[in-house]
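Asks: Next up, protein-v9.pdb (PDB, C-alpha atoms).
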```pdb
MODEL        1
ATOM      1  CA  MET E 207     174.154 166.777 -43.683
ATOM      2  CA  LYS E 208     175.207 163.618 -45.466
ATOM      3  CA  GLN E 209     172.705 162.103 -47.875
ATOM      4  CA  GLN E 210     173.518 158.699 -46.417
ATOM      5  CA  GLU E 211     172.389 159.782 -42.937
ATOM      6  CA  LYS E 212     169.202 161.294 -44.338
ATOM      7  CA  ASN E 213     168.161 157.909 -45.711
ATOM      8  CA  GLN E 214     169.269 155.770 -42.778
ATOM      9  CA  VAL E 215     166.782 153.876 -40.622
ATOM     10  CA  ILE E 216     168.040 153.989 -37.050
ATOM     11  CA  VAL E 217     166.499 152.028 -34.169
ATOM     12  CA  ILE E 218     167.324 153.491 -30.748
ATOM     13  CA  THR E 219     166.394 151.772 -27.487
ATOM     14  CA  GLY E 220     166.199 153.750 -24.274
ATOM     15  CA  ALA E 221     165.012 156.591 -26.486
ATOM     16  CA  SER E 222     162.846 158.441 -23.978
ATOM     17  CA  GLU E 223     165.678 159.979 -21.937
ATOM     18  CA  GLY E 224     169.409 160.411 -21.476
ATOM     19  CA  ILE E 225     171.850 159.343 -24.163
ATOM     20  CA  GLY E 226     169.125 157.648 -26.205
ATOM     21  CA  ARG E 227     167.026 160.802 -26.362
ATOM     22  CA  ALA E 228     170.045 162.938 -27.256
ATOM     23  CA  LEU E 229     170.874 160.559 -30.098
ATOM     24  CA  CYS E 230     167.301 160.728 -31.380
ATOM     25  CA  LEU E 231     167.386 164.516 -31.519
ATOM     26  CA  LEU E 232     170.841 164.557 -33.105
ATOM     27  CA  TYR E 233     169.767 162.222 -35.909
ATOM     28  CA  ALA E 234     166.437 164.004 -36.259
ATOM     29  CA  LYS E 235     168.387 167.126 -37.223
ATOM     30  CA  ARG E 236     170.053 165.032 -39.905
ATOM     31  CA  LYS E 237     166.654 163.893 -41.182
ATOM     32  CA  ALA E 238     167.162 160.209 -40.443
ATOM     33  CA  LYS E 239     164.240 157.789 -40.189
ATOM     34  CA  LEU E 240     163.961 156.975 -36.501
ATOM     35  CA  VAL E 241     162.434 154.088 -34.582
ATOM     36  CA  LEU E 242     162.097 155.196 -30.961
ATOM     37  CA  VAL E 243     162.021 152.341 -28.462
ATOM     38  CA  SER E 244     161.276 152.672 -24.743
ATOM     39  CA  ARG E 245     158.809 151.598 -22.040
ATOM     40  CA  ASN E 246     157.554 155.169 -21.558
ATOM     41  CA  GLN E 247     154.850 155.577 -24.193
ATOM     42  CA  ASP E 248     153.972 159.185 -23.331
ATOM     43  CA  ALA E 249     157.595 160.314 -23.472
ATOM     44  CA  LEU E 250     158.064 158.433 -26.758
ATOM     45  CA  GLU E 251     155.103 160.120 -28.388
ATOM     46  CA  ASP E 252     156.305 163.554 -27.290
ATOM     47  CA  LEU E 253     159.788 162.790 -28.594
ATOM     48  CA  ALA E 254     158.439 161.491 -31.915
ATOM     49  CA  GLU E 255     156.544 164.746 -32.390
ATOM     50  CA  GLU E 256     159.656 166.758 -31.588
ATOM     51  CA  CYS E 257     161.717 164.741 -34.080
ATOM     52  CA  GLU E 258     159.093 165.199 -36.782
ATOM     53  CA  ARG E 259     159.052 168.962 -36.199
ATOM     54  CA  MET E 260     162.762 168.850 -36.968
ATOM     55  CA  GLY E 261     162.062 167.186 -40.306
ATOM     56  CA  ALA E 262     162.667 163.549 -39.457
ATOM     57  CA  GLU E 263     160.317 160.600 -39.784
ATOM     58  CA  ALA E 264     159.746 158.906 -36.446
ATOM     59  CA  LEU E 265     157.989 155.762 -35.269
ATOM     60  CA  SER E 266     157.505 155.179 -31.541
ATOM     61  CA  VAL E 267     157.244 151.592 -30.303
ATOM     62  CA  LYS E 268     156.551 150.937 -26.621
ATOM     63  CA  THR E 269     158.990 148.189 -25.722
ATOM     64  CA  ASP E 270     160.375 146.482 -22.646
ATOM     65  CA  VAL E 271     163.788 145.323 -23.878
ATOM     66  CA  SER E 272     163.855 142.554 -21.272
ATOM     67  CA  SER E 273     160.968 140.974 -23.209
ATOM     68  CA  LEU E 274     161.960 138.838 -26.186
ATOM     69  CA  GLU E 275     158.550 139.288 -27.797
ATOM     70  CA  ASP E 276     158.641 143.067 -27.359
ATOM     71  CA  CYS E 277     162.051 143.257 -29.035
ATOM     72  CA  LYS E 278     160.886 141.089 -31.921
ATOM     73  CA  ASN E 279     157.816 143.285 -32.355
ATOM     74  CA  ALA E 280     159.906 146.480 -32.362
ATOM     75  CA  MET E 281     162.164 145.234 -35.161
ATOM     76  CA  GLU E 282     159.190 143.976 -37.168
ATOM     77  CA  GLN E 283     157.433 147.327 -36.831
ATOM     78  CA  ALA E 284     160.595 149.142 -37.904
ATOM     79  CA  VAL E 285     160.823 147.090 -41.096
ATOM     80  CA  GLU E 286     157.091 147.290 -41.750
ATOM     81  CA  ARG E 287     157.222 151.102 -41.562
ATOM     82  CA  PHE E 288     160.555 151.837 -43.251
ATOM     83  CA  GLY E 289     161.458 148.653 -45.119
ATOM     84  CA  LYS E 290     164.902 148.209 -43.592
ATOM     85  CA  ILE E 291     167.186 148.739 -40.588
ATOM     86  CA  ASP E 292     170.584 150.372 -41.044
ATOM     87  CA  ILE E 293     171.716 151.007 -37.476
ATOM     88  CA  LEU E 294     170.645 149.524 -34.156
ATOM     89  CA  ILE E 295     171.669 151.558 -31.101
ATOM     90  CA  ASN E 296     171.159 149.768 -27.790
ATOM     91  CA  SER E 297     170.997 152.535 -25.203
ATOM     92  CA  ALA E 298     168.435 151.177 -22.735
ATOM     93  CA  GLY E 299     169.860 150.532 -19.304
ATOM     94  CA  VAL E 300     169.381 150.512 -15.545
ATOM     95  CA  SER E 301     171.948 150.770 -12.744
ATOM     96  CA  MET E 302     172.433 149.917  -9.062
ATOM     97  CA  SER E 303     174.060 151.491  -6.011
ATOM     98  CA  THR E 304     174.558 149.246  -3.014
ATOM     99  CA  PRO E 305     177.322 147.014  -1.609
ATOM    100  CA  PHE E 306     176.839 143.354  -2.478
ATOM    101  CA  GLU E 307     176.541 142.216   1.156
ATOM    102  CA  SER E 308     173.771 144.786   1.716
ATOM    103  CA  VAL E 309     171.533 143.408  -1.054
ATOM    104  CA  GLN E 310     168.230 142.142   0.350
ATOM    105  CA  ASP E 311     166.588 141.104  -2.927
ATOM    106  CA  LEU E 312     168.860 139.087  -5.213
ATOM    107  CA  SER E 313     166.380 139.390  -8.069
ATOM    108  CA  VAL E 314     167.990 142.761  -8.743
ATOM    109  CA  PHE E 315     170.810 140.883 -10.479
ATOM    110  CA  HIS E 316     168.327 139.198 -12.792
ATOM    111  CA  LYS E 317     166.700 142.557 -13.570
ATOM    112  CA  LEU E 318     170.030 144.179 -14.388
ATOM    113  CA  MET E 319     171.055 141.346 -16.688
ATOM    114  CA  ALA E 320     167.625 141.221 -18.324
ATOM    115  CA  VAL E 321     167.671 144.897 -19.306
ATOM    116  CA  ASN E 322     171.350 145.693 -19.791
ATOM    117  CA  TYR E 323     172.519 142.437 -21.365
ATOM    118  CA  LEU E 324     169.594 140.359 -22.640
ATOM    119  CA  GLY E 325     167.970 143.493 -24.067
ATOM    120  CA  VAL E 326     171.054 143.855 -26.273
ATOM    121  CA  VAL E 327     170.934 140.167 -27.229
ATOM    122  CA  TYR E 328     167.238 140.210 -28.143
ATOM    123  CA  THR E 329     167.295 143.362 -30.270
ATOM    124  CA  SER E 330     170.507 142.324 -32.012
ATOM    125  CA  TYR E 331     169.091 138.905 -32.841
ATOM    126  CA  TYR E 332     165.927 140.215 -34.470
ATOM    127  CA  ALA E 333     167.618 143.141 -36.221
ATOM    128  CA  LEU E 334     170.573 141.158 -37.586
ATOM    129  CA  PRO E 335     168.945 139.704 -40.741
ATOM    130  CA  TYR E 336     167.987 143.217 -41.851
ATOM    131  CA  LEU E 337     171.343 144.704 -40.878
ATOM    132  CA  LYS E 338     173.135 142.103 -42.998
ATOM    133  CA  LYS E 339     171.085 143.076 -46.049
ATOM    134  CA  ASN E 340     172.254 146.687 -45.752
ATOM    135  CA  LYS E 341     175.734 146.120 -44.288
ATOM    136  CA  GLY E 342     174.549 147.941 -41.204
ATOM    137  CA  MET E 343     175.826 148.468 -37.711
ATOM    138  CA  ILE E 344     175.104 147.468 -34.113
ATOM    139  CA  VAL E 345     176.011 150.042 -31.475
ATOM    140  CA  ASN E 346     175.964 148.876 -27.858
ATOM    141  CA  ILE E 347     176.186 151.479 -25.102
ATOM    142  CA  SER E 348     178.249 149.829 -22.382
ATOM    143  CA  SER E 349     180.212 151.619 -19.646
ATOM    144  CA  LEU E 350     183.675 151.969 -18.151
ATOM    145  CA  GLN E 351     182.228 149.499 -15.650
ATOM    146  CA  GLY E 352     182.304 146.956 -18.461
ATOM    147  CA  LYS E 353     186.098 147.346 -18.440
ATOM    148  CA  THR E 354     186.793 147.165 -14.704
ATOM    149  CA  GLY E 355     184.665 146.548 -11.640
ATOM    150  CA  PHE E 356     183.292 149.339  -9.460
ATOM    151  CA  PRO E 357     182.211 149.030  -5.808
ATOM    152  CA  ARG E 358     178.462 149.318  -5.135
ATOM    153  CA  SER E 359     177.858 148.192  -8.737
ATOM    154  CA  THR E 360     178.485 144.444  -8.793
ATOM    155  CA  GLY E 361     175.346 143.597 -10.783
ATOM    156  CA  TYR E 362     175.579 146.583 -13.111
ATOM    157  CA  SER E 363     179.264 146.020 -13.829
ATOM    158  CA  ALA E 364     178.658 142.320 -14.476
ATOM    159  CA  SER E 365     175.914 143.144 -16.981
ATOM    160  CA  LYS E 366     178.211 145.553 -18.821
ATOM    161  CA  PHE E 367     181.042 143.008 -18.897
ATOM    162  CA  ALA E 368     178.485 140.703 -20.529
ATOM    163  CA  VAL E 369     177.673 143.359 -23.135
ATOM    164  CA  GLN E 370     181.374 143.786 -23.901
ATOM    165  CA  GLY E 371     181.955 140.046 -24.267
ATOM    166  CA  PHE E 372     178.839 139.539 -26.377
ATOM    167  CA  SER E 373     179.759 142.446 -28.655
ATOM    168  CA  ASP E 374     183.348 141.309 -29.154
ATOM    169  CA  SER E 375     182.259 137.743 -29.914
ATOM    170  CA  LEU E 376     179.539 138.867 -32.313
ATOM    171  CA  ARG E 377     181.959 141.180 -34.126
ATOM    172  CA  ILE E 378     184.228 138.219 -34.865
ATOM    173  CA  GLU E 379     181.305 136.095 -36.057
ATOM    174  CA  LEU E 380     180.221 138.881 -38.425
ATOM    175  CA  MET E 381     183.613 139.401 -40.034
ATOM    176  CA  GLY E 382     183.084 139.580 -43.795
ATOM    177  CA  SER E 383     179.324 140.135 -43.494
ATOM    178  CA  GLY E 384     179.551 143.915 -43.762
ATOM    179  CA  VAL E 385     177.958 144.394 -40.323
ATOM    180  CA  ASP E 386     180.113 146.263 -37.809
ATOM    181  CA  VAL E 387     179.761 146.277 -34.014
ATOM    182  CA  LEU E 388     180.651 149.362 -31.978
ATOM    183  CA  VAL E 389     180.944 149.253 -28.182
ATOM    184  CA  VAL E 390     180.630 152.617 -26.432
ATOM    185  CA  SER E 391     182.064 152.991 -22.928
ATOM    186  CA  PRO E 392     181.093 156.355 -21.427
ATOM    187  CA  GLY E 393     182.192 157.645 -18.058
ATOM    188  CA  PRO E 394     179.691 159.533 -15.865
ATOM    189  CA  ILE E 395     177.012 161.224 -17.978
ATOM    190  CA  SER E 396     174.550 163.807 -16.714
ATOM    191  CA  THR E 397     171.455 161.624 -17.071
ATOM    192  CA  LYS E 398     168.712 160.468 -14.722
ATOM    193  CA  MET E 399     170.208 156.965 -14.746
ATOM    194  CA  ASN E 400     173.367 158.359 -13.167
ATOM    195  CA  PHE E 401     171.389 158.911  -9.949
ATOM    196  CA  ARG E 402     168.321 156.643 -10.362
ATOM    197  CA  LYS E 403     169.422 153.145  -9.394
ATOM    198  CA  PHE E 404     168.370 149.885  -7.769
ATOM    199  CA  ASP E 405     168.884 149.978  -4.012
ATOM    200  CA  ALA E 406     169.520 147.116  -1.575
ATOM    201  CA  ASN E 407     165.838 146.169  -1.618
ATOM    202  CA  GLY E 408     165.656 145.885  -5.404
ATOM    203  CA  ILE E 409     163.709 149.156  -5.691
ATOM    204  CA  ILE E 410     164.699 151.906  -8.095
ATOM    205  CA  THR E 411     165.279 155.057  -6.067
ATOM    206  CA  GLN E 412     166.413 158.570  -6.961
ATOM    207  CA  GLU E 413     169.686 159.550  -5.330
ATOM    208  CA  GLU E 414     169.930 163.224  -4.501
ATOM    209  CA  ASP E 415     173.091 165.076  -5.508
ATOM    210  CA  PRO E 416     173.017 168.774  -4.666
ATOM    211  CA  LYS E 417     176.414 169.251  -6.284
ATOM    212  CA  ALA E 418     175.415 167.603  -9.575
ATOM    213  CA  GLY E 419     175.330 170.913 -11.412
ATOM    214  CA  ARG E 420     178.907 171.670 -10.390
ATOM    215  CA  ARG E 421     180.370 168.276 -11.218
ATOM    216  CA  ASN E 422     182.484 167.897 -14.337
ATOM    217  CA  ILE E 423     180.151 165.355 -15.937
ATOM    218  CA  MET E 424     179.649 165.011 -19.676
ATOM    219  CA  SER E 425     176.272 166.048 -21.063
ATOM    220  CA  PRO E 426     174.101 163.570 -23.012
ATOM    221  CA  GLU E 427     174.375 165.883 -26.042
ATOM    222  CA  GLU E 428     178.181 165.796 -26.047
ATOM    223  CA  CYS E 429     178.091 162.044 -25.546
ATOM    224  CA  ALA E 430     175.689 161.649 -28.484
ATOM    225  CA  CYS E 431     177.952 163.697 -30.756
ATOM    226  CA  LEU E 432     180.937 161.483 -29.934
ATOM    227  CA  ILE E 433     178.880 158.350 -30.593
ATOM    228  CA  ALA E 434     177.600 159.669 -33.930
ATOM    229  CA  LYS E 435     181.166 160.479 -34.975
ATOM    230  CA  SER E 436     182.303 156.937 -34.159
ATOM    231  CA  ILE E 437     179.317 155.504 -36.040
ATOM    232  CA  SER E 438     180.188 157.540 -39.135
ATOM    233  CA  LYS E 439     183.726 156.125 -38.993
ATOM    234  CA  ARG E 440     182.372 152.620 -38.331
ATOM    235  CA  GLU E 441     184.711 152.223 -35.374
ATOM    236  CA  ARG E 442     184.743 149.158 -33.137
ATOM    237  CA  GLU E 443     185.257 150.888 -29.797
ATOM    238  CA  LEU E 444     184.688 154.282 -28.199
ATOM    239  CA  ILE E 445     186.053 154.911 -24.702
ATOM    240  CA  MET E 446     185.129 158.416 -23.646
ATOM    241  CA  THR E 447     187.586 159.270 -20.873
ATOM    242  CA  PHE E 448     191.362 159.395 -20.778
ATOM    243  CA  GLY E 449     191.381 157.380 -17.576
ATOM    244  CA  GLY E 450     189.156 154.773 -19.159
ATOM    245  CA  LYS E 451     191.610 154.359 -22.016
ATOM    246  CA  LEU E 452     194.481 153.913 -19.563
ATOM    247  CA  ILE E 453     192.789 151.392 -17.283
ATOM    248  CA  PRO E 454     193.261 148.252 -19.470
ATOM    249  CA  TRP E 455     196.969 148.995 -19.838
ATOM    250  CA  VAL E 456     197.583 149.855 -16.192
ATOM    251  CA  LYS E 457     195.725 146.694 -15.111
ATOM    252  CA  LEU E 458     198.275 144.605 -16.997
ATOM    253  CA  PHE E 459     201.064 145.831 -14.733
ATOM    254  CA  SER E 460     199.356 146.937 -11.531
ATOM    255  CA  PRO E 461     195.810 145.639 -11.123
ATOM    256  CA  ALA E 462     195.824 146.376  -7.385
ATOM    257  CA  PHE E 463     196.602 150.028  -8.123
ATOM    258  CA  VAL E 464     193.567 150.222 -10.414
ATOM    259  CA  ASP E 465     191.381 148.678  -7.705
ATOM    260  CA  ARG E 466     192.536 151.277  -5.185
ATOM    261  CA  MET E 467     192.098 154.108  -7.678
ATOM    262  CA  ILE E 468     188.508 153.063  -8.468
ATOM    263  CA  ALA E 469     187.662 152.527  -4.795
ATOM    264  CA  ASN E 470     188.938 155.990  -3.887
ATOM    265  CA  ALA E 471     187.131 157.647  -6.794
ATOM    266  CA  VAL E 472     183.781 156.079  -5.845
ATOM    267  CA  LYS E 473     184.342 156.942  -2.168
ATOM    268  CA  ARG E 474     184.990 160.587  -3.087
ATOM    269  CA  PHE E 475     181.899 160.657  -5.302
ATOM    270  CA  TYR E 476     179.592 159.616  -2.463
ATOM    271  CA  SER E 477     181.354 161.576   0.288
ATOM    272  CA  ASP E 478     181.081 164.795  -1.760
ATOM    273  CA  LYS E 479     177.282 164.614  -1.890
TER
ENDMDL
END
```
Write out the structure in this file as structure tokens.

Replies:
Amino acid sequence: MKQQEKNQVIVITGASEGIGRALCLLYAKRKAKLVLVSRNQDALEDLAEECERMGAEALSVKTDVSSLEDCKNAMEQAVERFGKIDILINSAGVSMSTPFESVQDLSVFHKLMAVNYLGVVYTSYYALPYLKKNKGMIVNISSLQGKTGFPRSTGYSASKFAVQGFSDSLRIELMGSGVDVLVVSPGPISTKMNFRKFDANGIITQEEDPKAGRRNIMSPEECACLIAKSISKRERELIMTFGGKLIPWVKLFSPAFVDRMIANAVKRFYSDK
């Protein structure tokens, strides 16, 4: 365990499940000071207790990241409790699964942008003054769908493109400040969000996947380890699949091929269920 990690104050949104929860437990083992942010108060309190049993200090703050005031309050509580913020990890997110022409409630696009994109903007804005004092780091969990579009995911992909553009622009603005910005682009991860998505009616539903256990999908724990490694190196980008790393280059020469490849991959995913 590095002494630096032991003393770090890390704010993690989307902390109650998935990648966010895995990151909380990983850093709890390293005795970091954790600020756990999520809408699920009961899950947060249980997680905080688990982190403290592992020797970490943990503060749970019920927060809806689509609310500017909630995000401001979370950062203020973090500083009030621990006196600083070293790392902000934006892991909160929500997805969709429906063709664009099938959408019955267009407010789903607003909801996706509010959580996936504006949630990143709000937390980054209120954490930034404290991050600059400690030459800290902003870590935004995006997606391969922030690199290229996917069918059935128009709103989700758009929100992740927004996260990528915001992160890249902010990184340039912060050059020389000591604050680094890391964008993480995972492929499919074995989390509830991978199957719990907005449907055509703007309702979050749970997709059933009887073959989920046999799919070659990365675990949240493995994903968290890769993210922590990139954070320790203060990298600017982490793309977690070989195909994801190839896509930007292949698109330069054959964008239509990439479109067909993605379309076929998504079609196979749903036809295999």

Asks: Kindly indicate which residue among E:Ser273, E:Val285, E:Thr304, E:Gly371 lies nearest to Ala333 of chain E, using all atoms listed in the file for the distances.

Replies: E:Val285

Asks: Show me, as a PyMOL selection string, the residues that have an atom within 7 Å of segment 287-297 of chain E when counting only C-alpha atoms, minus same-chain residues fewer than 5 positions from it.

Replies: chain E and resi 214-220+225-226+326+336-337+340+342-347

Asks: Which residues fall under the PyMOL selection byres ((chain E and resi 324) around 9) in this file, as a VMD selection string?

Replies: chain E and resid 271 to 274 319 to 323 325 to 329 365 369

Asks: Produce a file of the selected residues containing C-alpha atoms, as a CSV table (one decimal), in the frame of the given file.

Replies:
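File written: part_0.csv
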```
chain,number,residue,atom,x,y,z
E,271,VAL,CA,163.8,145.3,-23.9
E,272,SER,CA,163.9,142.6,-21.3
E,273,SER,CA,161.0,141.0,-23.2
E,274,LEU,CA,162.0,138.8,-26.2
E,319,MET,CA,171.1,141.3,-16.7
E,320,ALA,CA,167.6,141.2,-18.3
E,321,VAL,CA,167.7,144.9,-19.3
E,322,ASN,CA,171.4,145.7,-19.8
E,323,TYR,CA,172.5,142.4,-21.4
E,325,GLY,CA,168.0,143.5,-24.1
E,326,VAL,CA,171.1,143.9,-26.3
E,327,VAL,CA,170.9,140.2,-27.2
E,328,TYR,CA,167.2,140.2,-28.1
E,329,THR,CA,167.3,143.4,-30.3
E,365,SER,CA,175.9,143.1,-17.0
E,369,VAL,CA,177.7,143.4,-23.1
```

Asks: Find the residue from E:Met424, E:Cys277, E:Ala221, E:Leu240 that sits nearest to Ile395 of chain E; use all atoms listed in the file when measuring.

Replies: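 The closest residue to Ile395 of chain E is E:Met424.
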
Asks: Show me, as a list in words, the residues that have an atom within 12 Å of Gln310 of chain E when counting all atoms listed in the file, minus same-chain residues fewer than 6 positions from it.

Replies: Thr304, Phe404, Asp405, Ala406, Asn407, Gly408 and Ile409 of chain E

Asks: Just give me the gap between atom CA of Ala238 of chain E and atom CA of Ala284 of chain E in Å, one decimal is fine.

Replies: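 These atoms are spaced 13.1 Å apart.
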
Asks: Measure the distance from atom CA of Gln247 of chain E to atom CA of Ser396 of chain E in Å and round it to one decimal.

Replies: 22.6 Å

Asks: One decimal, Å: what's the distance from atom CA of Val267 of chain E over to atom CA of Ser375 of chain E, could you say?

Replies: 28.6 Å

Asks: Using only C-alpha atoms, which residue out of E:Pro357, E:Leu242, E:Leu232, E:Ser308 lies closest to Glu255 of chain E?

Replies: E:Leu242

Asks: Please enumerate the residues selected by the PyMOL selection byres ((chain E and resi 348) around 8) when evaluated against the supplied file, formatted as a list in words.

Replies: Asn346, Ile347, Ser349, Leu350, Gln351, Gly352, Lys366, Val369, Gln370, Val389, Val390, Ser391 and Pro392 of chain E

Asks: I'd like the residues picked by the PyMOL selection byres ((chain E and resi 454) around 12) written out as a list in words, using the chain letters and numbers from the file.

Replies: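 Residues picked by the PyMOL selection byres ((chain E and resi 454) around 12): Leu350, Gln351, Gly352, Lys353, Thr354, Gly355, Ile445, Phe448, Gly449, Gly450, Lys451, Leu452, Ile453, Trp455, Val456, Lys457, Leu458, Phe459, Ser460, Pro461, Phe463, Val464 and Asp465 of chain E.
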
Asks: Given the point (166.6, 163.9, -32.1) in the coordinates of this file, which residues lie within 12 Å, counting all atoms listed in the file, and how would they look as an MDAnalysis selection string?

Replies: chainID E and resid 216 218 221:242 250 252:264 426:427 430:431 434

Asks: Extract, using only C-alpha atoms, all DNA, RNA and protein residues at most 12 Å from Lys439 of chain E, discarding same-chain residues fewer than 5 positions from it, and format them as a tab-separated table (two decimals) with C-alpha atoms, keeping the file's coordinate frame.

Replies:
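And here is the file that came out, out-v9.tsv:
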```tsv
chain	number	residue	atom	x	y	z
E	343	MET	CA	175.83	148.47	-37.71
E	386	ASP	CA	180.11	146.26	-37.81
E	387	VAL	CA	179.76	146.28	-34.01
E	388	LEU	CA	180.65	149.36	-31.98
E	432	LEU	CA	180.94	161.48	-29.93
E	433	ILE	CA	178.88	158.35	-30.59
E	434	ALA	CA	177.60	159.67	-33.93
E	444	LEU	CA	184.69	154.28	-28.20
```

Asks: Could you give me the centre and size, in Å to one decimal, of an axis-aligned box around all listed atoms of segment 223-233 of chain E with 5 Å added on every side, as AutoDock Vina command-line options?

Replies:
```
--center_x 168.8 --center_y 161.1 --center_z -28.7 --size_x 16.2 --size_y 16.9 --size_z 24.4
```

Asks: How would segment 317-324 of chain E look with all heavy atoms restored, written as a PDB file, keeping the file's coordinate frame?

Replies:
```pdb
ATOM      1  N   LYS E 317     167.260 141.389 -12.891  1.00  0.00           N
ATOM      2  CA  LYS E 317     166.700 142.557 -13.570  1.00  0.00           C
ATOM      3  C   LYS E 317     167.776 143.320 -14.340  1.00  0.00           C
ATOM      4  O   LYS E 317     167.555 143.771 -15.472  1.00  0.00           O
ATOM      5  CB  LYS E 317     166.016 143.471 -12.563  1.00  0.00           C
ATOM      6  CG  LYS E 317     164.800 142.842 -11.887  1.00  0.00           C
ATOM      7  CD  LYS E 317     164.296 143.711 -10.738  1.00  0.00           C
ATOM      8  CE  LYS E 317     163.167 143.041  -9.982  1.00  0.00           C
ATOM      9  NZ  LYS E 317     162.751 143.822  -8.785  1.00  0.00           N
ATOM     10  N   LEU E 318     168.929 143.474 -13.727  1.00  0.00           N
ATOM     11  CA  LEU E 318     170.030 144.179 -14.388  1.00  0.00           C
ATOM     12  C   LEU E 318     170.494 143.438 -15.636  1.00  0.00           C
ATOM     13  O   LEU E 318     170.729 144.045 -16.690  1.00  0.00           O
ATOM     14  CB  LEU E 318     171.195 144.352 -13.407  1.00  0.00           C
ATOM     15  CG  LEU E 318     170.987 145.397 -12.310  1.00  0.00           C
ATOM     16  CD1 LEU E 318     171.930 145.147 -11.146  1.00  0.00           C
ATOM     17  CD2 LEU E 318     171.179 146.795 -12.862  1.00  0.00           C
ATOM     18  N   MET E 319     170.622 142.122 -15.526  1.00  0.00           N
ATOM     19  CA  MET E 319     171.055 141.346 -16.688  1.00  0.00           C
ATOM     20  C   MET E 319     169.979 141.335 -17.766  1.00  0.00           C
ATOM     21  O   MET E 319     170.287 141.381 -18.962  1.00  0.00           O
ATOM     22  CB  MET E 319     171.389 139.912 -16.264  1.00  0.00           C
ATOM     23  CG  MET E 319     172.611 139.797 -15.381  1.00  0.00           C
ATOM     24  SD  MET E 319     174.154 140.329 -16.197  1.00  0.00           S
ATOM     25  CE  MET E 319     174.416 138.975 -17.324  1.00  0.00           C
ATOM     26  N   ALA E 320     168.722 141.288 -17.354  1.00  0.00           N
ATOM     27  CA  ALA E 320     167.625 141.221 -18.324  1.00  0.00           C
ATOM     28  C   ALA E 320     167.560 142.484 -19.177  1.00  0.00           C
ATOM     29  O   ALA E 320     167.346 142.414 -20.392  1.00  0.00           O
ATOM     30  CB  ALA E 320     166.298 141.006 -17.596  1.00  0.00           C
ATOM     31  N   VAL E 321     167.743 143.639 -18.558  1.00  0.00           N
ATOM     32  CA  VAL E 321     167.671 144.897 -19.306  1.00  0.00           C
ATOM     33  C   VAL E 321     168.985 145.200 -20.012  1.00  0.00           C
ATOM     34  O   VAL E 321     169.028 145.431 -21.227  1.00  0.00           O
ATOM     35  CB  VAL E 321     167.294 146.061 -18.367  1.00  0.00           C
ATOM     36  CG1 VAL E 321     167.368 147.392 -19.107  1.00  0.00           C
ATOM     37  CG2 VAL E 321     165.897 145.858 -17.799  1.00  0.00           C
ATOM     38  N   ASN E 322     170.074 145.220 -19.249  1.00  0.00           N
ATOM     39  CA  ASN E 322     171.350 145.693 -19.791  1.00  0.00           C
ATOM     40  C   ASN E 322     172.001 144.724 -20.766  1.00  0.00           C
ATOM     41  O   ASN E 322     172.650 145.155 -21.726  1.00  0.00           O
ATOM     42  CB  ASN E 322     172.328 145.981 -18.641  1.00  0.00           C
ATOM     43  CG  ASN E 322     171.864 147.092 -17.746  1.00  0.00           C
ATOM     44  OD1 ASN E 322     170.945 147.835 -18.074  1.00  0.00           O
ATOM     45  ND2 ASN E 322     172.478 147.216 -16.584  1.00  0.00           N
ATOM     46  N   TYR E 323     171.866 143.437 -20.510  1.00  0.00           N
ATOM     47  CA  TYR E 323     172.519 142.437 -21.365  1.00  0.00           C
ATOM     48  C   TYR E 323     171.543 141.744 -22.308  1.00  0.00           C
ATOM     49  O   TYR E 323     171.693 141.820 -23.536  1.00  0.00           O
ATOM     50  CB  TYR E 323     173.239 141.403 -20.507  1.00  0.00           C
ATOM     51  CG  TYR E 323     173.723 140.201 -21.292  1.00  0.00           C
ATOM     52  CD1 TYR E 323     174.547 140.352 -22.410  1.00  0.00           C
ATOM     53  CD2 TYR E 323     173.347 138.914 -20.928  1.00  0.00           C
ATOM     54  CE1 TYR E 323     174.979 139.256 -23.139  1.00  0.00           C
ATOM     55  CE2 TYR E 323     173.775 137.812 -21.643  1.00  0.00           C
ATOM     56  CZ  TYR E 323     174.585 137.984 -22.745  1.00  0.00           C
ATOM     57  OH  TYR E 323     175.001 136.901 -23.473  1.00  0.00           O
ATOM     58  N   LEU E 324     170.506 141.099 -21.763  1.00  0.00           N
ATOM     59  CA  LEU E 324     169.594 140.359 -22.640  1.00  0.00           C
ATOM     60  C   LEU E 324     168.842 141.292 -23.586  1.00  0.00           C
ATOM     61  O   LEU E 324     168.506 140.907 -24.711  1.00  0.00           O
ATOM     62  CB  LEU E 324     168.620 139.527 -21.814  1.00  0.00           C
ATOM     63  CG  LEU E 324     169.249 138.337 -21.084  1.00  0.00           C
ATOM     64  CD1 LEU E 324     168.206 137.614 -20.243  1.00  0.00           C
ATOM     65  CD2 LEU E 324     169.899 137.374 -22.071  1.00  0.00           C
TER      66      LEU E 324
END
```
